Each structure stands twice: as structure tokens, then as C-alpha cells.
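The next block is my_file-v7.pdb, given as PDB, C-alpha atoms.
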MODEL        1
ATOM      1  CA  MET K   1      63.337 -31.084  42.004
ATOM      2  CA  SER K   2      59.983 -29.988  40.611
ATOM      3  CA  LEU K   3      56.594 -31.376  41.601
ATOM      4  CA  ARG K   4      56.132 -32.558  38.027
ATOM      5  CA  ALA K   5      59.411 -34.509  38.150
ATOM      6  CA  LEU K   6      58.380 -36.152  41.413
ATOM      7  CA  ASP K   7      55.025 -37.108  39.908
ATOM      8  CA  VAL K   8      56.762 -38.692  36.895
ATOM      9  CA  LEU K   9      59.175 -40.642  39.095
ATOM     10  CA  ALA K  10      56.346 -41.899  41.272
ATOM     11  CA  SER K  11      54.140 -42.975  38.361
ATOM     12  CA  ALA K  12      56.700 -44.512  35.963
ATOM     13  CA  ALA K  13      56.794 -48.293  35.834
ATOM     14  CA  ALA K  14      60.578 -48.219  35.610
ATOM     15  CA  ILE K  15      63.377 -45.702  36.069
ATOM     16  CA  ALA K  16      66.516 -45.892  33.929
ATOM     17  CA  ALA K  17      69.313 -44.389  36.021
ATOM     18  CA  GLU K  18      72.953 -43.511  35.372
ATOM     19  CA  ASP K  19      73.790 -44.932  38.814
ATOM     20  CA  THR K  20      71.026 -46.883  40.556
ATOM     21  CA  ARG K  21      72.627 -46.282  43.974
ATOM     22  CA  ASN K  22      72.502 -42.498  43.621
ATOM     23  CA  THR K  23      68.969 -42.593  42.267
ATOM     24  CA  GLY K  24      68.006 -44.958  45.069
ATOM     25  CA  HIS K  25      68.995 -42.282  47.594
ATOM     26  CA  LEU K  26      66.878 -39.722  45.731
ATOM     27  CA  LEU K  27      63.845 -41.988  45.642
ATOM     28  CA  ALA K  28      64.229 -42.869  49.319
ATOM     29  CA  HIS K  29      64.389 -39.182  50.233
ATOM     30  CA  TYR K  30      61.030 -38.604  48.546
ATOM     31  CA  GLU K  31      59.597 -41.938  49.751
ATOM     32  CA  ILE K  32      59.131 -43.284  46.222
ATOM     33  CA  THR K  33      59.328 -47.078  46.445
ATOM     34  CA  ALA K  34      57.207 -48.769  43.782
ATOM     35  CA  ASN K  35      59.470 -48.415  40.755
ATOM     36  CA  ARG K  36      61.784 -50.853  39.087
ATOM     37  CA  LEU K  37      65.304 -49.403  38.834
ATOM     38  CA  MET K  38      67.486 -50.268  35.841
ATOM     39  CA  SER K  39      71.013 -49.157  35.012
ATOM     40  CA  LEU K  40      71.688 -46.989  31.960
ATOM     41  CA  HIS K  41      75.156 -45.444  31.602
ATOM     42  CA  GLN K  42      77.643 -44.687  28.844
ATOM     43  CA  HIS K  43      78.934 -48.274  28.717
ATOM     44  CA  ASN K  44      75.600 -50.108  28.449
ATOM     45  CA  GLU K  45      73.311 -47.550  26.827
ATOM     46  CA  ARG K  46      72.568 -49.476  23.644
ATOM     47  CA  ALA K  47      71.663 -52.687  25.483
ATOM     48  CA  ALA K  48      69.652 -50.734  28.044
ATOM     49  CA  ALA K  49      67.796 -48.952  25.237
ATOM     50  CA  GLU K  50      66.550 -52.320  23.986
ATOM     51  CA  LYS K  51      65.160 -53.100  27.452
ATOM     52  CA  VAL K  52      63.478 -49.702  27.674
ATOM     53  CA  ILE K  53      61.860 -50.136  24.266
ATOM     54  CA  ALA K  54      60.630 -53.581  25.283
ATOM     55  CA  LEU K  55      58.915 -52.035  28.328
ATOM     56  CA  LEU K  56      57.380 -49.305  26.165
ATOM     57  CA  ALA K  57      56.076 -51.984  23.800
ATOM     58  CA  GLN K  58      54.231 -53.475  26.765
ATOM     59  CA  GLY K  59      52.500 -50.152  27.377
ATOM     60  CA  GLN K  60      54.630 -49.188  30.361
ATOM     61  CA  SER K  61      56.227 -45.791  30.958
ATOM     62  CA  VAL K  62      59.913 -45.332  31.740
ATOM     63  CA  ALA K  63      61.602 -42.336  33.372
ATOM     64  CA  LEU K  64      65.228 -41.463  32.575
ATOM     65  CA  VAL K  65      67.454 -39.750  35.132
ATOM     66  CA  SER K  66      71.163 -38.963  35.357
ATOM     67  CA  ASP K  67      73.182 -38.544  38.539
ATOM     68  CA  ALA K  68      72.924 -34.756  38.441
ATOM     69  CA  GLY K  69      71.505 -32.239  36.015
ATOM     70  CA  THR K  70      69.749 -33.065  32.780
ATOM     71  CA  PRO K  71      70.104 -36.409  30.944
ATOM     72  CA  ALA K  72      71.830 -36.301  27.540
ATOM     73  CA  VAL K  73      73.513 -32.939  28.300
ATOM     74  CA  SER K  74      77.106 -34.025  28.997
ATOM     75  CA  ASP K  75      75.455 -37.114  30.501
ATOM     76  CA  PRO K  76      74.165 -40.430  29.092
ATOM     77  CA  GLY K  77      70.781 -40.489  27.391
ATOM     78  CA  ALA K  78      71.106 -39.173  23.833
ATOM     79  CA  LEU K  79      71.408 -42.670  22.312
ATOM     80  CA  LEU K  80      68.410 -43.901  24.298
ATOM     81  CA  VAL K  81      66.305 -40.930  23.185
ATOM     82  CA  ALA K  82      67.265 -41.507  19.536
ATOM     83  CA  GLU K  83      66.421 -45.218  19.744
ATOM     84  CA  VAL K  84      63.089 -44.629  21.481
ATOM     85  CA  ARG K  85      62.065 -41.988  18.949
ATOM     86  CA  ALA K  86      63.126 -44.222  16.050
ATOM     87  CA  ALA K  87      60.920 -46.973  17.501
ATOM     88  CA  GLY K  88      57.954 -44.602  17.327
ATOM     89  CA  TYR K  89      57.520 -43.796  20.997
ATOM     90  CA  ARG K  90      57.074 -40.367  22.516
ATOM     91  CA  VAL K  91      59.858 -38.673  24.501
ATOM     92  CA  ILE K  92      58.696 -36.040  26.997
ATOM     93  CA  PRO K  93      61.304 -33.674  28.498
ATOM     94  CA  ILE K  94      60.870 -32.793  32.163
ATOM     95  CA  PRO K  95      62.594 -29.445  32.837
ATOM     96  CA  GLY K  96      64.877 -29.556  35.837
ATOM     97  CA  ALA K  97      68.285 -28.648  37.187
ATOM     98  CA  ASN K  98      70.889 -27.648  34.614
ATOM     99  CA  ALA K  99      74.227 -26.412  35.929
ATOM    100  CA  ALA K 100      75.217 -24.543  32.766
ATOM    101  CA  LEU K 101      72.088 -22.377  32.622
ATOM    102  CA  ALA K 102      71.981 -21.854  36.378
ATOM    103  CA  ALA K 103      75.598 -20.673  36.322
ATOM    104  CA  LEU K 104      75.013 -18.449  33.304
ATOM    105  CA  SER K 105      72.075 -16.743  34.989
ATOM    106  CA  ALA K 106      74.166 -15.954  38.090
ATOM    107  CA  SER K 107      77.397 -15.025  36.300
ATOM    108  CA  GLY K 108      76.694 -11.382  35.550
ATOM    109  CA  LEU K 109      78.279 -11.824  32.127
ATOM    110  CA  PRO K 110      76.408 -10.117  29.272
ATOM    111  CA  ALA K 111      75.370 -13.176  27.299
ATOM    112  CA  PRO K 112      72.748 -12.572  24.631
ATOM    113  CA  HIS K 113      74.607 -15.395  22.885
ATOM    114  CA  PHE K 114      76.562 -18.225  24.487
ATOM    115  CA  LEU K 115      78.251 -21.442  23.421
ATOM    116  CA  PHE K 116      77.852 -24.501  25.611
ATOM    117  CA  TYR K 117      80.955 -26.626  25.013
ATOM    118  CA  GLY K 118      80.732 -29.078  27.905
ATOM    119  CA  PHE K 119      83.900 -30.997  28.802
ATOM    120  CA  LEU K 120      87.147 -30.042  27.069
ATOM    121  CA  PRO K 121      89.668 -32.753  26.103
ATOM    122  CA  ASN K 122      91.593 -34.275  29.009
ATOM    123  CA  LYS K 123      95.090 -33.720  27.605
ATOM    124  CA  SER K 124      96.616 -30.232  27.564
ATOM    125  CA  ALA K 125      97.705 -30.246  23.899
ATOM    126  CA  ALA K 126      94.272 -31.309  22.646
ATOM    127  CA  ARG K 127      92.583 -28.926  25.068
ATOM    128  CA  CYS K 128      94.639 -25.970  23.812
ATOM    129  CA  ARG K 129      93.833 -26.849  20.192
ATOM    130  CA  ALA K 130      90.135 -26.898  21.032
ATOM    131  CA  LEU K 131      90.407 -23.547  22.817
ATOM    132  CA  GLN K 132      92.276 -21.980  19.899
ATOM    133  CA  ASP K 133      89.257 -22.710  17.704
ATOM    134  CA  LEU K 134      87.106 -20.688  20.127
ATOM    135  CA  THR K 135      89.313 -17.620  20.598
ATOM    136  CA  ALA K 136      87.598 -15.371  18.035
ATOM    137  CA  LEU K 137      84.006 -16.208  19.003
ATOM    138  CA  PRO K 138      82.167 -13.224  20.546
ATOM    139  CA  TYR K 139      80.048 -15.517  22.739
ATOM    140  CA  THR K 140      80.232 -16.391  26.428
ATOM    141  CA  LEU K 141      81.877 -19.841  26.520
ATOM    142  CA  VAL K 142      80.496 -22.438  28.944
ATOM    143  CA  PHE K 143      82.581 -25.443  30.005
ATOM    144  CA  TYR K 144      82.244 -28.267  32.510
ATOM    145  CA  GLU K 145      85.312 -29.446  34.412
ATOM    146  CA  ALA K 146      86.153 -32.001  37.080
ATOM    147  CA  PRO K 147      88.084 -31.008  40.237
ATOM    148  CA  HIS K 148      91.165 -33.108  39.460
ATOM    149  CA  ARG K 149      91.703 -31.220  36.176
ATOM    150  CA  ILE K 150      90.687 -27.721  37.241
ATOM    151  CA  LEU K 151      94.214 -26.311  37.714
ATOM    152  CA  GLU K 152      95.600 -27.488  34.390
ATOM    153  CA  CYS K 153      92.395 -26.539  32.568
ATOM    154  CA  VAL K 154      92.420 -22.974  33.908
ATOM    155  CA  ALA K 155      96.144 -22.676  33.155
ATOM    156  CA  ASP K 156      95.355 -23.524  29.522
ATOM    157  CA  LEU K 157      92.416 -21.091  29.445
ATOM    158  CA  HIS K 158      94.757 -18.326  30.611
ATOM    159  CA  SER K 159      97.467 -19.346  28.153
ATOM    160  CA  VAL K 160      95.117 -19.302  25.155
ATOM    161  CA  PHE K 161      92.750 -16.431  26.032
ATOM    162  CA  GLY K 162      95.160 -14.093  27.848
ATOM    163  CA  ASP K 163      94.814 -11.884  30.915
ATOM    164  CA  GLU K 164      91.820  -9.691  30.242
ATOM    165  CA  ARG K 165      88.850 -11.967  29.674
ATOM    166  CA  GLN K 166      86.565 -12.617  32.621
ATOM    167  CA  ILE K 167      86.140 -16.103  34.049
ATOM    168  CA  VAL K 168      83.360 -17.232  36.366
ATOM    169  CA  PHE K 169      83.859 -20.275  38.584
ATOM    170  CA  ALA K 170      80.442 -21.746  39.398
ATOM    171  CA  ARG K 171      81.206 -24.575  41.802
ATOM    172  CA  GLU K 172      78.795 -27.196  43.145
ATOM    173  CA  ILE K 173      75.776 -25.433  41.624
ATOM    174  CA  THR K 174      72.512 -26.190  43.552
ATOM    175  CA  LYS K 175      74.451 -28.228  46.153
ATOM    176  CA  LEU K 176      75.391 -27.573  49.786
ATOM    177  CA  PHE K 177      78.748 -25.897  49.115
ATOM    178  CA  GLU K 178      77.731 -23.852  46.076
ATOM    179  CA  SER K 179      79.993 -20.891  45.316
ATOM    180  CA  ILE K 180      80.325 -18.445  42.435
ATOM    181  CA  HIS K 181      83.452 -16.355  41.870
ATOM    182  CA  ARG K 182      84.259 -13.979  39.025
ATOM    183  CA  CYS K 183      87.653 -12.489  38.152
ATOM    184  CA  PRO K 184      89.928 -11.738  35.178
ATOM    185  CA  LEU K 185      91.768 -14.780  33.843
ATOM    186  CA  ALA K 186      95.007 -13.164  35.030
ATOM    187  CA  GLU K 187      93.819 -13.685  38.635
ATOM    188  CA  ALA K 188      92.201 -17.095  38.197
ATOM    189  CA  MET K 189      95.099 -19.333  39.257
ATOM    190  CA  ALA K 190      95.800 -17.199  42.327
ATOM    191  CA  TRP K 191      92.169 -17.573  43.409
ATOM    192  CA  LEU K 192      92.205 -21.335  42.925
ATOM    193  CA  ASN K 193      95.396 -21.640  44.972
ATOM    194  CA  SER K 194      94.240 -19.278  47.736
ATOM    195  CA  ASP K 195      92.086 -21.978  49.379
ATOM    196  CA  PRO K 196      92.075 -25.766  48.795
ATOM    197  CA  ASN K 197      88.265 -25.673  48.908
ATOM    198  CA  ASN K 198      88.275 -23.542  45.744
ATOM    199  CA  GLN K 199      89.513 -26.596  43.824
ATOM    200  CA  ARG K 200      86.853 -28.989  45.100
ATOM    201  CA  GLY K 201      83.551 -29.997  43.543
ATOM    202  CA  GLU K 202      82.130 -30.024  40.043
ATOM    203  CA  PHE K 203      82.764 -26.847  38.055
ATOM    204  CA  VAL K 204      80.987 -24.819  35.444
ATOM    205  CA  LEU K 205      83.504 -22.394  33.918
ATOM    206  CA  LEU K 206      82.216 -19.392  32.003
ATOM    207  CA  VAL K 207      84.631 -17.271  29.963
ATOM    208  CA  SER K 208      83.627 -13.965  28.401
ATOM    209  CA  GLY K 209      83.659 -13.894  24.615
ATOM    210  CA  ALA K 210      86.081 -12.137  22.298
ATOM    211  CA  ALA K 211      85.478  -8.436  21.851
ATOM    212  CA  GLU K 212      83.539  -7.929  18.642
ATOM    213  CA  GLN K 213      85.640  -6.386  15.906
ATOM    214  CA  ARG K 214      84.360  -3.145  14.451
ATOM    215  CA  GLU K 215      83.987  -3.053  10.724
ATOM    216  CA  GLY K 216      86.526  -0.886   8.924
ATOM    217  CA  LEU K 217      89.842   0.570  10.076
ATOM    218  CA  ASP K 218      90.099   2.908  13.003
ATOM    219  CA  ALA K 219      91.098   6.493  12.311
ATOM    220  CA  GLU K 220      94.775   6.069  13.219
ATOM    221  CA  ALA K 221      95.257   3.005  10.990
ATOM    222  CA  GLU K 222      93.580   4.852   8.131
ATOM    223  CA  ARG K 223      95.858   7.882   8.642
ATOM    224  CA  VAL K 224      99.015   5.748   8.686
ATOM    225  CA  LEU K 225      97.960   3.839   5.576
ATOM    226  CA  VAL K 226      97.240   7.020   3.617
ATOM    227  CA  LEU K 227     100.620   8.523   4.566
ATOM    228  CA  LEU K 228     102.468   5.364   3.509
ATOM    229  CA  LEU K 229     100.591   5.122   0.203
ATOM    230  CA  LYS K 230     101.797   8.634  -0.665
ATOM    231  CA  GLU K 231     105.426   7.449  -0.533
ATOM    232  CA  LEU K 232     105.439   3.702  -1.202
ATOM    233  CA  PRO K 233     104.008   1.085  -3.569
ATOM    234  CA  LEU K 234     100.802  -0.503  -2.366
ATOM    235  CA  LYS K 235     102.248  -3.784  -1.082
ATOM    236  CA  GLN K 236     105.044  -2.074   0.810
ATOM    237  CA  ALA K 237     102.649   0.454   2.278
ATOM    238  CA  VAL K 238     100.393  -2.334   3.527
ATOM    239  CA  GLN K 239     103.346  -4.275   4.953
ATOM    240  CA  PHE K 240     104.560  -1.272   6.954
ATOM    241  CA  ALA K 241     101.016  -0.354   8.010
ATOM    242  CA  VAL K 242     100.535  -3.837   9.487
ATOM    243  CA  GLN K 243     103.747  -3.479  11.481
ATOM    244  CA  ILE K 244     102.963   0.036  12.702
ATOM    245  CA  THR K 245      99.250  -0.279  13.523
ATOM    246  CA  GLY K 246      98.726  -3.983  14.256
ATOM    247  CA  ALA K 247      95.619  -3.947  12.055
ATOM    248  CA  GLY K 248      94.811  -7.002   9.924
ATOM    249  CA  ARG K 249      96.707  -7.348   6.679
ATOM    250  CA  ASN K 250      93.656  -8.278   4.617
ATOM    251  CA  GLU K 251      91.694  -5.334   5.939
ATOM    252  CA  LEU K 252      94.558  -2.923   5.240
ATOM    253  CA  TYR K 253      95.160  -4.365   1.783
ATOM    254  CA  ASN K 254      91.498  -4.103   0.792
ATOM    255  CA  ARG K 255      91.350  -0.544   2.069
ATOM    256  CA  ALA K 256      94.545   0.360   0.181
ATOM    257  CA  LEU K 257      93.102  -1.039  -3.046
ATOM    258  CA  HIS K 258      89.951   1.010  -2.520
ATOM    259  CA  ILE K 259      91.996   4.178  -1.942
ATOM    260  CA  LYS K 260      94.169   3.585  -5.021
ATOM    261  CA  THR K 261      91.254   2.835  -7.346
ATOM    262  CA  SER K 262      88.944   5.571  -6.111
ATOM    263  CA  GLU K 263      89.183   9.302  -6.178
ATOM    264  CA  ILE K 264      90.243   9.576  -2.537
ATOM    265  CA  PRO K 265      93.006  12.240  -2.497
ATOM    266  CA  LEU K 266      96.303  11.322  -0.864
ATOM    267  CA  GLU K 267      97.549  14.851  -0.230
TER     268      GLU K 267
ENDMDL
END

Could you take the file, read its structure, and then write that structure out as C-alpha cells?
Amino acid sequence: MSLRALDVLASAAAIAAEDTRNTGHLLAHYEITANRLMSLHQHNERAAAEKVIALLAQGQSVALVSDAGTPAVSDPGALLVAEVRAAGYRVIPIPGANAALAALSASGLPAPHFLFYGFLPNKSAARCRALQDLTALPYTLVFYEAPHRILECVADLHSVFGDERQIVFAREITKLFESIHRCPLAEAMAWLNSDPNNQRGEFVLLVSGAAEQREGLDAEAERVLVLLLKELPLKQAVQFAVQITGAGRNELYNRALHIKTSEIPLE
């Protein structure tokens, strides 16, 4: 909690909170008592936005908080922000706790680029489809997950991404029982099951990205393709080269066409 955030909470005429009870505890801890608390969550956000805009029209300021982390990032608030901006009022972000970035900074994963996904679908089939769309991305992948789904979620991560990728479990970030554990996906389920406490709390899961593919064939695939082209028609040579080397068919085919139409000798 920054000094600036405390100053905003103390000076705002009203505070729109995801859960007024949780925010009430926060305000009591910092002895902030003069504000009006109003509820704003995913089920009442549009109606609450109208109330917030009415207060702004009266010249009052309103602070927006979520239960933990940053509003509108896998939390309510985006609709309110859009409505307030559309009504012509200023929205001022107050930097504060963000579990995804805190976990990323402590993960040790090389992440010049990362993709924040947030919560995956609840059901395994839909979750696996979503993960399949991410398999080729060379970016660190950042997910949120709840404790009651952590086992099935990690099982699906392992199933889709395989053994070798690294996973970082960042659990209860910034809270009393914070822990950070890194291991290959092959070892992830064993770690979760090694201690019941490892399955408790709110999770940020970070998975290392796909290895970037080098452009062009490697030397062995090139050698195999050239040998096959000496003895077989182009399509057959490519078919056998795919089976022997495991290289991509399109890449092999394009390279075979280049060899056949250029002056590259095949002897």
C-alpha cells in the first residue's frame, strides 16, 4: 500500500469496493473513517457506474478498489472506467500491488516478452483448447488460478506443454504465506502433492515460452533432403525427409523446390 494510495482513500468522498467488508478492514487498519463505502462487483457494475457518475457530476471524487491487486485486471472495474471516461470524467490510475508482475519479477524466467492470460476456462476441455492456442508462442505465459482448480489446471498444463517447460508457482503473493517454487512441468504435480499447503492460496502460474524456431533447416535435415532428392521425385523426397528428420513439411518442401530450381548440385 503506497502513501499515495492511502492519501487517495482518505480524501475521496466515496470508495467503490468489490467487497465493502474487505475494504472496511483495510480502512480500519489505516484509521480511515470519513468515506462513504459503496459496492461495485461483477454483478452490479453497470448500476454502480451510474451512481459513481452521479457523484462525479456533483463534483465529488470516487476511489475504486478491488479485494486484492489492481482493479480491472482480472477484477471488476473495466466497465466502470469505460463509463466514466465516456461521461467525460478523468480516470487516474494509482499504481499498486499486482500479483502477475510481482511474480514475474521473482520468477527468474527470461521474459523480455510475456503474455498475461489471467484465468483459464474452468472446464478441462475448454482449458486444453485455450492452452493449445498458446503452445507455439515464445513468450512467458502468466495465468491466475484458484486453489480448488490448481491440480486439474496443472495436469492440463503438463498434458498440453509437455515435460520440459519450466513452471513457477507464485502463491499468496505479498501475503503472509507467500511462496515461490520453480520446477519443470514434469515435476509440478509431485510438488503440489508433496504438501497440502502447496495447494492452498491464490496462485499466479508462469510457464516458460516455446523455444524459438531457427529459420532454415538444420544441417542434418538439409543433408537428408539432398540425398533423397538425388534418388526420388520431389514430393516423395519431402515425404521421407519429414519422417526421417521430423522437420516441418512446408519448410522441407520449400527448400526442396529451391534446390531443384537453383544451381545447387546434388552430387

For this session: Please evaluate the PyMOL selection byres ((chain K and resi 11) around 10) against the structure above and give the resulting residues as a list in words.
Result: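 On the file shown, the PyMOL selection byres ((chain K and resi 11) around 10) covers Ala5, Leu6, Asp7, Val8, Leu9, Ala10, Ala12, Ala13, Ala14, Ile15, Ile32, Ala34, Asn35, Ser61, Val62 and Ala63 of chain K.
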
Seminar exercise, completed: CA of Leu234 (chain K) to CA of Ala219 (chain K) measures 18.9 Å

Got a sec to resolve the PyMOL selection byres ((chain K and resi 236-242) around 12) on this structure and send the residues as a compact mmCIF listing (two decimals) with C-alpha atoms, in the coordinates of the input?
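The new file part06.txt reads:
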# COMPACT_ATOMS: atom_id res chain seq x y z
CA LEU K 217 89.84 0.57 10.08
CA GLU K 220 94.78 6.07 13.22
CA ALA K 221 95.26 3.00 10.99
CA GLU K 222 93.58 4.85 8.13
CA ARG K 223 95.86 7.88 8.64
CA VAL K 224 99.02 5.75 8.69
CA LEU K 225 97.96 3.84 5.58
CA VAL K 226 97.24 7.02 3.62
CA LEU K 227 100.62 8.52 4.57
CA LEU K 228 102.47 5.36 3.51
CA LEU K 229 100.59 5.12 0.20
CA LYS K 230 101.80 8.63 -0.66
CA GLU K 231 105.43 7.45 -0.53
CA LEU K 232 105.44 3.70 -1.20
CA PRO K 233 104.01 1.08 -3.57
CA LEU K 234 100.80 -0.50 -2.37
CA LYS K 235 102.25 -3.78 -1.08
CA GLN K 243 103.75 -3.48 11.48
CA ILE K 244 102.96 0.04 12.70
CA THR K 245 99.25 -0.28 13.52
CA GLY K 246 98.73 -3.98 14.26
CA ALA K 247 95.62 -3.95 12.06
CA GLY K 248 94.81 -7.00 9.92
CA ARG K 249 96.71 -7.35 6.68
CA ASN K 250 93.66 -8.28 4.62
CA GLU K 251 91.69 -5.33 5.94
CA LEU K 252 94.56 -2.92 5.24
CA TYR K 253 95.16 -4.36 1.78
CA ASN K 254 91.50 -4.10 0.79
CA ARG K 255 91.35 -0.54 2.07
CA ALA K 256 94.54 0.36 0.18
CA LEU K 257 93.10 -1.04 -3.05
CA ILE K 259 92.00 4.18 -1.94
CA LYS K 260 94.17 3.58 -5.02

Exercise. When the PyMOL selection byres ((chain K and resi 110) around 12) is applied to the file above, which residues end up in the set, as a count of residues only?
Worked result: 20

Exercise. How far is it from CA of Ser2 (chain K) to CA of Val73 (chain K), in Å with one decimal?
Worked result: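 Rounded to one decimal, the two atoms are 18.5 Å apart.
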
Exercise. What is the CA of Leu101 (chain K) to CA of Leu26 (chain K) distance in Å?
Worked result: 22.4 Å

Problem set entry | Neighbour residues at most 10 Å from (69.3, -26.7, 29.9) (all atoms listed in the file) as a ChimeraX atom specification | /K:69-71,73,95-102,116

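Closest to Ala49 (chain K) among K:Leu120, K:Leu176, K:Ala28, K:Ala17 is K:Ala17, based on only C-alpha atoms.
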
Exercise. So which residues are close to (93.7, -29.1, 29.2), meaning at most 9 Å away in the file's coordinates with all atoms listed in the file counted, and can you show them as a ChimeraX atom specification?
Worked result: /K:120-128,149-157

Tell me which protein, DNA and RNA residues are within 12 Å of region 190-194 of chain K, counting only C-alpha atoms, leaving out same-chain ones fewer than 4 positions away, and put them as a short mmCIF file (atom, residue, chain, number, x, y, z; two decimals) with C-alpha atoms, in the frame of the given file.
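As written to disk, part33.cif reads:
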data_model
loop_
_atom_site.label_atom_id
_atom_site.label_comp_id
_atom_site.auth_asym_id
_atom_site.auth_seq_id
_atom_site.Cartn_x
_atom_site.Cartn_y
_atom_site.Cartn_z
CA PRO K 147 88.08 -31.01 40.24
CA ARG K 149 91.70 -31.22 36.18
CA ILE K 150 90.69 -27.72 37.24
CA LEU K 151 94.21 -26.31 37.71
CA GLU K 152 95.60 -27.49 34.39
CA CYS K 153 92.40 -26.54 32.57
CA VAL K 154 92.42 -22.97 33.91
CA ALA K 155 96.14 -22.68 33.16
CA HIS K 158 94.76 -18.33 30.61
CA ILE K 167 86.14 -16.10 34.05
CA VAL K 168 83.36 -17.23 36.37
CA PHE K 169 83.86 -20.27 38.58
CA ARG K 171 81.21 -24.58 41.80
CA ILE K 180 80.32 -18.44 42.44
CA HIS K 181 83.45 -16.36 41.87
CA ARG K 182 84.26 -13.98 39.02
CA CYS K 183 87.65 -12.49 38.15
CA PRO K 184 89.93 -11.74 35.18
CA LEU K 185 91.77 -14.78 33.84
CA ALA K 186 95.01 -13.16 35.03
CA ASN K 198 88.28 -23.54 45.74
CA GLN K 199 89.51 -26.60 43.82
CA ARG K 200 86.85 -28.99 45.10
CA PHE K 203 82.76 -26.85 38.06
#

Problem set entry | Which of K:Ala86, K:Ala57, K:Val160, K:Ala146 sits closest to Leu131 (chain K) [using only C-alpha atoms] |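 Answer, going by the shortest atom-to-atom distance: K:Val160.
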
Exercise. Ile53 (chain K): which residues within 9 Å, counting only C-alpha atoms, same-chain residues fewer than 2 positions away excluded, as a PyMOL selection string?
Worked result: chain K and resi 48-51+55-58+83-84+87+89

Working from the structure I just supplied, which lacks atoms in region 217-239 of chain K, can you model N, CA and C atoms there and output them as a PDB file, keeping the file's coordinate frame?
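Below is the file out-v5.pdb, written as the result:
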ATOM      1  N   LEU K 217      88.666   0.189   9.312  1.00  0.00           N
ATOM      2  CA  LEU K 217      89.842   0.570  10.076  1.00  0.00           C
ATOM      3  C   LEU K 217      89.511   1.703  11.036  1.00  0.00           C
ATOM      4  N   ASP K 218      90.258   1.746  12.144  1.00  0.00           N
ATOM      5  CA  ASP K 218      90.099   2.908  13.003  1.00  0.00           C
ATOM      6  C   ASP K 218      90.822   4.099  12.371  1.00  0.00           C
ATOM      7  N   ALA K 219      90.605   5.254  12.937  1.00  0.00           N
ATOM      8  CA  ALA K 219      91.098   6.493  12.311  1.00  0.00           C
ATOM      9  C   ALA K 219      92.613   6.523  12.210  1.00  0.00           C
ATOM     10  N   GLU K 220      93.313   6.019  13.232  1.00  0.00           N
ATOM     11  CA  GLU K 220      94.775   6.069  13.219  1.00  0.00           C
ATOM     12  C   GLU K 220      95.341   5.147  12.151  1.00  0.00           C
ATOM     13  N   ALA K 221      94.775   3.923  12.022  1.00  0.00           N
ATOM     14  CA  ALA K 221      95.257   3.005  10.990  1.00  0.00           C
ATOM     15  C   ALA K 221      95.018   3.577   9.598  1.00  0.00           C
ATOM     16  N   GLU K 222      93.876   4.207   9.422  1.00  0.00           N
ATOM     17  CA  GLU K 222      93.580   4.852   8.131  1.00  0.00           C
ATOM     18  C   GLU K 222      94.592   5.961   7.835  1.00  0.00           C
ATOM     19  N   ARG K 223      94.915   6.780   8.835  1.00  0.00           N
ATOM     20  CA  ARG K 223      95.858   7.882   8.642  1.00  0.00           C
ATOM     21  C   ARG K 223      97.239   7.361   8.258  1.00  0.00           C
ATOM     22  N   VAL K 224      97.701   6.323   8.974  1.00  0.00           N
ATOM     23  CA  VAL K 224      99.015   5.748   8.686  1.00  0.00           C
ATOM     24  C   VAL K 224      99.051   5.164   7.277  1.00  0.00           C
ATOM     25  N   LEU K 225      98.004   4.454   6.902  1.00  0.00           N
ATOM     26  CA  LEU K 225      97.960   3.839   5.576  1.00  0.00           C
ATOM     27  C   LEU K 225      98.009   4.891   4.479  1.00  0.00           C
ATOM     28  N   VAL K 226      97.247   5.961   4.623  1.00  0.00           N
ATOM     29  CA  VAL K 226      97.240   7.020   3.617  1.00  0.00           C
ATOM     30  C   VAL K 226      98.615   7.657   3.487  1.00  0.00           C
ATOM     31  N   LEU K 227      99.275   7.931   4.605  1.00  0.00           N
ATOM     32  CA  LEU K 227     100.620   8.523   4.566  1.00  0.00           C
ATOM     33  C   LEU K 227     101.607   7.601   3.856  1.00  0.00           C
ATOM     34  N   LEU K 228     101.550   6.313   4.137  1.00  0.00           N
ATOM     35  CA  LEU K 228     102.468   5.364   3.509  1.00  0.00           C
ATOM     36  C   LEU K 228     102.199   5.227   2.013  1.00  0.00           C
ATOM     37  N   LEU K 229     100.928   5.245   1.629  1.00  0.00           N
ATOM     38  CA  LEU K 229     100.591   5.122   0.203  1.00  0.00           C
ATOM     39  C   LEU K 229     101.092   6.309  -0.606  1.00  0.00           C
ATOM     40  N   LYS K 230     101.279   7.459   0.039  1.00  0.00           N
ATOM     41  CA  LYS K 230     101.797   8.634  -0.665  1.00  0.00           C
ATOM     42  C   LYS K 230     103.256   8.442  -1.066  1.00  0.00           C
ATOM     43  N   GLU K 231     103.984   7.575  -0.325  1.00  0.00           N
ATOM     44  CA  GLU K 231     105.426   7.449  -0.533  1.00  0.00           C
ATOM     45  C   GLU K 231     105.861   6.089  -1.057  1.00  0.00           C
ATOM     46  N   LEU K 232     105.013   5.075  -0.916  1.00  0.00           N
ATOM     47  CA  LEU K 232     105.439   3.702  -1.202  1.00  0.00           C
ATOM     48  C   LEU K 232     104.458   2.989  -2.117  1.00  0.00           C
ATOM     49  N   PRO K 233     104.927   1.946  -2.824  1.00  0.00           N
ATOM     50  CA  PRO K 233     104.008   1.085  -3.569  1.00  0.00           C
ATOM     51  C   PRO K 233     103.012   0.435  -2.624  1.00  0.00           C
ATOM     52  N   LEU K 234     101.898  -0.005  -3.183  1.00  0.00           N
ATOM     53  CA  LEU K 234     100.802  -0.503  -2.366  1.00  0.00           C
ATOM     54  C   LEU K 234     101.232  -1.623  -1.425  1.00  0.00           C
ATOM     55  N   LYS K 235     101.913  -2.637  -1.923  1.00  0.00           N
ATOM     56  CA  LYS K 235     102.248  -3.784  -1.082  1.00  0.00           C
ATOM     57  C   LYS K 235     103.178  -3.395   0.057  1.00  0.00           C
ATOM     58  N   GLN K 236     104.147  -2.530  -0.246  1.00  0.00           N
ATOM     59  CA  GLN K 236     105.044  -2.074   0.810  1.00  0.00           C
ATOM     60  C   GLN K 236     104.308  -1.235   1.840  1.00  0.00           C
ATOM     61  N   ALA K 237     103.418  -0.394   1.362  1.00  0.00           N
ATOM     62  CA  ALA K 237     102.649   0.454   2.278  1.00  0.00           C
ATOM     63  C   ALA K 237     101.823  -0.405   3.234  1.00  0.00           C
ATOM     64  N   VAL K 238     101.193  -1.440   2.694  1.00  0.00           N
ATOM     65  CA  VAL K 238     100.393  -2.334   3.527  1.00  0.00           C
ATOM     66  C   VAL K 238     101.277  -3.067   4.531  1.00  0.00           C
ATOM     67  N   GLN K 239     102.439  -3.545   4.074  1.00  0.00           N
ATOM     68  CA  GLN K 239     103.346  -4.275   4.953  1.00  0.00           C
ATOM     69  C   GLN K 239     103.762  -3.414   6.151  1.00  0.00           C
TER      70      GLN K 239
END
